[in-house]
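Below is one structure, written out as structure tokens, with a few remarks after it.
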Amino acid sequence: MRLALEAAAAVDHHVLLLRDEVDLATIEALIRSRFGGAWPQDEFTIAAGPETSFSGPYDVDEGVRGALGLPAWAERAVVAHVPTVRGGPLPEGLAGVDPIFDAYPRALPEGVELEALRFLVAAARRLAGAVLCAGAGLVVPRPNQDCDLIWFSPIWLDPDALRAQLAPVLGPVRSSLQDADALGVEETVMASYALYGLDVPLDVHVEAADLVPAAVAAFDWAADGAVAYHVRYAGDLETDLAFGPLSDVEAAEIAQAALAAARACRAIGDLAPGVVTDDDGFLLELATE
């Protein structure tokens, strides 16, 4: 049995729009990785909390695309079932910062509604999709380029050991501890540190993460927290929550940074086994070269 999206029903819901090649298992994995304890309500619906569930996937035909003004590639949809929870208006000066808030400037989503919208946008970024915000049009995030990754492990690596491990990937590496020494800061009081690639535009920030994504918290070794190795693209292009197309030059630079980020995570994992997520907390498998 396949479900078909109806335009009249869709306008009252937030809807994740996807290409046909995205399968149900992938969608379920994203929901479960974002919402700890998600459970199936029926064969088409997964509950993410007492007030939040997601149903689908629905087929989206040409008539529905035309009625709702959807892009031609939108062939599948996942519908969020969540109450409307709104707060105050968008503060002056914050327009253009967050596309979800821009969609509802008179009364900003909050609570479980905002949590569901954040998930839909993150899933759209992960799956190269878009989000139809109820009564407010499309949000189309730039697809995740995987040049900002987080390696989670129960093991804290000594700065010198990590620096030596990353040197084959990043080339010469500068440490934040060098800056601390110059300022006379005692190393013993530092709860985190960072390494900066001088030849490759990647930074690695290391810190204890008491709060970890639901997908990571499911591992026994992360029950009491974990060490987070944030591998970040350090070029001029802004990648966090980015929207709009990349130029060919930008795309090539980001692609090279993504390869380097995967290499850096594999190098970290050789000394500190663990798992890797993207910035949205979705578990990943590192691409092979």
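Residue names in the structure tokens use chain letters A, B, ... in the order shown, residue numbers from 1 in each chain, and ligand numbers from 1 in the order shown.
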Next on the checklist: Residues near segment 53-60 of chain A, anyone? I mean within 8 Å using only C-alpha atoms, not counting same-chain ones fewer than 2 positions away, as a ChimeraX atom specification.
Outcome noted: /A:2-5,24,44-49,51,62,64-65,74-82
Item to check | Contact residues around His230 of chain A with only C-alpha atoms at 6 Å, ignoring same-chain residues under 4 positions, as a count of residues only | outcome: 3
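Listed by chain and then by rising number, the residues of segment 65-100 of chain A that DSSP assigns to strand (DSSP E) from the backbone are Arg76, Ala77, Val78, Val79, Ala80 and His81 of chain A.
Nearest-residue note for Val139 of chain A: choosing from A:Ala167, A:Val212, A:Leu17, A:Ala234, the minimum distance belongs to A:Leu17, counting only C-alpha atoms.
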Checklist entry - Any idea what's packed within 8 Å of Val85 of chain A, counting only C-alpha atoms, ignoring anything in its chain fewer than 4 positions away? Could you give it as a PyMOL selection string? => result chain A and resi 109-114
Checklist entry - Running DSSP on the backbone, which parts of segment 79-258 of chain A land in helix (DSSP H, G or I), as a PyMOL selection string? => result chain A and resi 99-103+111-127+159-170+176-183+187-189+214-217+220-222+248-258
Item to check | One-decimal distance in Å that lies between atom CA of Ile254 of chain A and atom CA of Ala95 of chain A | outcome: 26.8 Å
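Using only C-alpha atoms for every distance, the candidate list A:Pro213, A:Pro40, A:Gly235, A:Gly129 yields A:Pro213 as the residue closest to Leu283 of chain A.
What separates atom CA of Leu259 of chain A from atom CA of Leu286 of chain A is a distance of 9.3 Å.
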Next on the checklist: At a cut-off of 12 Å, using only C-alpha atoms, what residues contact Ala122 of chain A? Leave out same-chain residues fewer than 2 positions from it and give the result as number ranges by chain.
Outcome noted: A: 16, 27, 30-31, 33-34, 100, 115-120, 124-131, 139-144, 240-242, 278-282
Convert the current residue selection to file output with N, CA, C and O atoms, as a compact mmCIF listing (two decimals), in the first residue's frame.
# COMPACT_ATOMS: atom_id res chain seq x y z
N LEU A 16 8.09 17.55 4.93
CA LEU A 16 9.42 17.31 4.37
C LEU A 16 9.27 16.78 2.96
O LEU A 16 8.59 15.77 2.74
N ILE A 27 14.52 7.50 6.25
CA ILE A 27 13.74 8.48 7.01
C ILE A 27 13.58 8.03 8.45
O ILE A 27 13.76 8.81 9.40
N LEU A 30 16.72 8.58 10.49
CA LEU A 30 16.94 9.98 10.88
C LEU A 30 16.04 10.35 12.05
O LEU A 30 16.48 11.03 12.99
N ILE A 31 14.79 9.94 12.01
CA ILE A 31 13.87 10.24 13.11
C ILE A 31 14.38 9.62 14.41
O ILE A 31 14.44 10.28 15.46
N SER A 33 17.39 8.69 15.16
CA SER A 33 18.67 9.23 15.60
C SER A 33 18.52 10.61 16.23
O SER A 33 19.36 11.03 17.02
N ARG A 34 17.44 11.31 15.90
CA ARG A 34 17.22 12.65 16.44
C ARG A 34 16.37 12.64 17.71
O ARG A 34 16.55 13.45 18.60
N ILE A 100 13.47 29.51 9.46
CA ILE A 100 12.24 29.10 10.14
C ILE A 100 11.59 30.32 10.77
O ILE A 100 10.37 30.56 10.65
N GLU A 115 10.91 22.27 17.60
CA GLU A 115 11.75 21.06 17.58
C GLU A 115 11.46 20.23 16.32
O GLU A 115 12.39 19.75 15.67
N ALA A 116 10.19 20.09 15.97
CA ALA A 116 9.83 19.33 14.77
C ALA A 116 10.33 20.03 13.51
O ALA A 116 10.85 19.39 12.59
N LEU A 117 10.17 21.35 13.45
CA LEU A 117 10.65 22.10 12.29
C LEU A 117 12.16 22.01 12.15
O LEU A 117 12.70 21.86 11.05
N ARG A 118 12.86 22.11 13.27
CA ARG A 118 14.33 21.98 13.23
C ARG A 118 14.73 20.61 12.67
O ARG A 118 15.67 20.50 11.89
N PHE A 119 14.00 19.57 13.10
CA PHE A 119 14.31 18.24 12.57
C PHE A 119 14.06 18.18 11.07
O PHE A 119 14.87 17.63 10.32
N LEU A 120 12.93 18.70 10.61
CA LEU A 120 12.61 18.63 9.19
C LEU A 120 13.66 19.36 8.35
O LEU A 120 14.07 18.87 7.29
N ALA A 124 16.09 17.68 5.66
CA ALA A 124 16.16 18.20 4.29
C ALA A 124 17.60 18.50 3.91
O ALA A 124 18.02 18.26 2.77
N ARG A 125 18.37 19.02 4.86
CA ARG A 125 19.79 19.29 4.59
C ARG A 125 20.54 17.98 4.36
O ARG A 125 21.40 17.89 3.49
N ARG A 126 20.20 16.96 5.13
CA ARG A 126 20.87 15.67 5.00
C ARG A 126 20.51 14.97 3.69
O ARG A 126 21.36 14.32 3.07
N LEU A 127 19.26 15.10 3.25
CA LEU A 127 18.75 14.33 2.12
C LEU A 127 18.53 15.17 0.87
O LEU A 127 17.90 14.71 -0.08
N ALA A 128 19.04 16.39 0.84
CA ALA A 128 18.90 17.29 -0.32
C ALA A 128 17.43 17.50 -0.66
O ALA A 128 17.00 17.40 -1.80
N GLY A 129 16.65 17.80 0.37
CA GLY A 129 15.23 18.04 0.20
C GLY A 129 14.85 19.47 0.55
O GLY A 129 15.66 20.39 0.46
N ALA A 130 13.60 19.67 0.94
CA ALA A 130 13.08 20.98 1.32
C ALA A 130 11.96 20.78 2.32
O ALA A 130 11.49 19.66 2.54
N VAL A 131 11.55 21.87 2.95
CA VAL A 131 10.46 21.81 3.93
C VAL A 131 9.38 22.81 3.53
O VAL A 131 9.66 23.99 3.31
N VAL A 139 11.21 26.21 2.68
CA VAL A 139 12.57 26.42 3.17
C VAL A 139 13.45 25.38 2.49
O VAL A 139 13.19 24.18 2.60
N VAL A 140 14.46 25.84 1.76
CA VAL A 140 15.32 24.93 1.00
C VAL A 140 16.76 25.10 1.49
O VAL A 140 17.48 26.01 1.06
N PRO A 141 17.21 24.25 2.42
CA PRO A 141 18.58 24.37 2.91
C PRO A 141 19.58 23.84 1.90
O PRO A 141 19.26 22.99 1.07
N ARG A 142 20.78 24.37 1.97
CA ARG A 142 21.86 23.82 1.15
C ARG A 142 22.17 22.41 1.63
O ARG A 142 22.30 22.16 2.83
N PRO A 143 22.27 21.43 0.72
CA PRO A 143 22.58 20.05 1.15
C PRO A 143 23.85 19.99 1.97
O PRO A 143 24.81 20.71 1.72
N ASN A 144 23.84 19.14 2.99
CA ASN A 144 25.00 18.99 3.87
C ASN A 144 26.21 18.54 3.07
O ASN A 144 26.15 17.55 2.33
N ASP A 240 27.49 26.66 8.09
CA ASP A 240 26.47 26.33 9.08
C ASP A 240 25.13 26.96 8.70
O ASP A 240 25.03 28.17 8.47
N LEU A 241 24.09 26.14 8.65
CA LEU A 241 22.74 26.60 8.34
C LEU A 241 22.70 27.41 7.05
O LEU A 241 21.96 28.39 6.93
N ALA A 242 23.54 27.05 6.09
CA ALA A 242 23.64 27.83 4.86
C ALA A 242 22.49 27.52 3.91
O ALA A 242 21.97 26.42 3.86
N ASP A 278 27.03 14.34 11.74
CA ASP A 278 27.12 15.66 11.13
C ASP A 278 26.72 16.69 12.17
O ASP A 278 26.46 16.37 13.34
N ASP A 279 26.66 17.96 11.76
CA ASP A 279 26.34 19.03 12.71
C ASP A 279 24.93 18.93 13.26
O ASP A 279 24.62 19.51 14.30
N ASP A 280 24.07 18.20 12.58
CA ASP A 280 22.70 18.05 13.02
C ASP A 280 22.49 16.84 13.92
O ASP A 280 21.35 16.54 14.32
N GLY A 281 23.56 16.11 14.23
CA GLY A 281 23.46 14.98 15.14
C GLY A 281 23.06 13.67 14.50
O GLY A 281 22.75 12.71 15.20
N PHE A 282 23.11 13.58 13.16
CA PHE A 282 22.78 12.34 12.47
C PHE A 282 24.04 11.49 12.33
O PHE A 282 25.09 11.98 11.88
Next on the checklist: Would you pick out the contacts of segment 216-220 of chain A at 12 Å or less, using only C-alpha atoms, so that residues sharing its chain but fewer than 4 positions from it are not included, and give the list as a ChimeraX atom specification?
Outcome noted: /A:32-37,150-154,209-212,224-228,274-278,281-284
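What separates atom CA of Ile155 of chain A from atom CA of Pro273 of chain A is a distance of 7.6 Å.
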Extract, using only C-alpha atoms, all DNA, RNA and protein residues at most 6 Å from Pro105 of chain A, discarding same-chain residues fewer than 4 positions from it, and format them as an mmCIF file with N, CA and C atoms, in the first residue's frame.
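The result, written out as result-v2.cif:
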data_model
loop_
_atom_site.group_PDB
_atom_site.id
_atom_site.type_symbol
_atom_site.label_atom_id
_atom_site.label_comp_id
_atom_site.auth_asym_id
_atom_site.auth_seq_id
_atom_site.Cartn_x
_atom_site.Cartn_y
_atom_site.Cartn_z
ATOM 1 N N PRO A 89 6.836 37.987 18.366
ATOM 2 C CA PRO A 89 7.272 38.298 17.003
ATOM 3 C C PRO A 89 8.784 38.226 16.860
ATOM 4 N N LEU A 90 9.235 38.180 15.617
ATOM 5 C CA LEU A 90 10.661 38.162 15.311
ATOM 6 C C LEU A 90 11.279 39.493 15.724
ATOM 7 N N PHE A 101 12.367 31.128 11.459
ATOM 8 C CA PHE A 101 11.817 32.330 12.073
ATOM 9 C C PHE A 101 11.364 33.335 11.026
#
Next on the checklist: Please determine, counting only C-alpha atoms, which residue among A:Leu18, A:Ala252, A:Leu149, A:Leu202 has the shortest atom-to-atom distance to Arg174 of chain A.
Outcome noted: A:Leu202
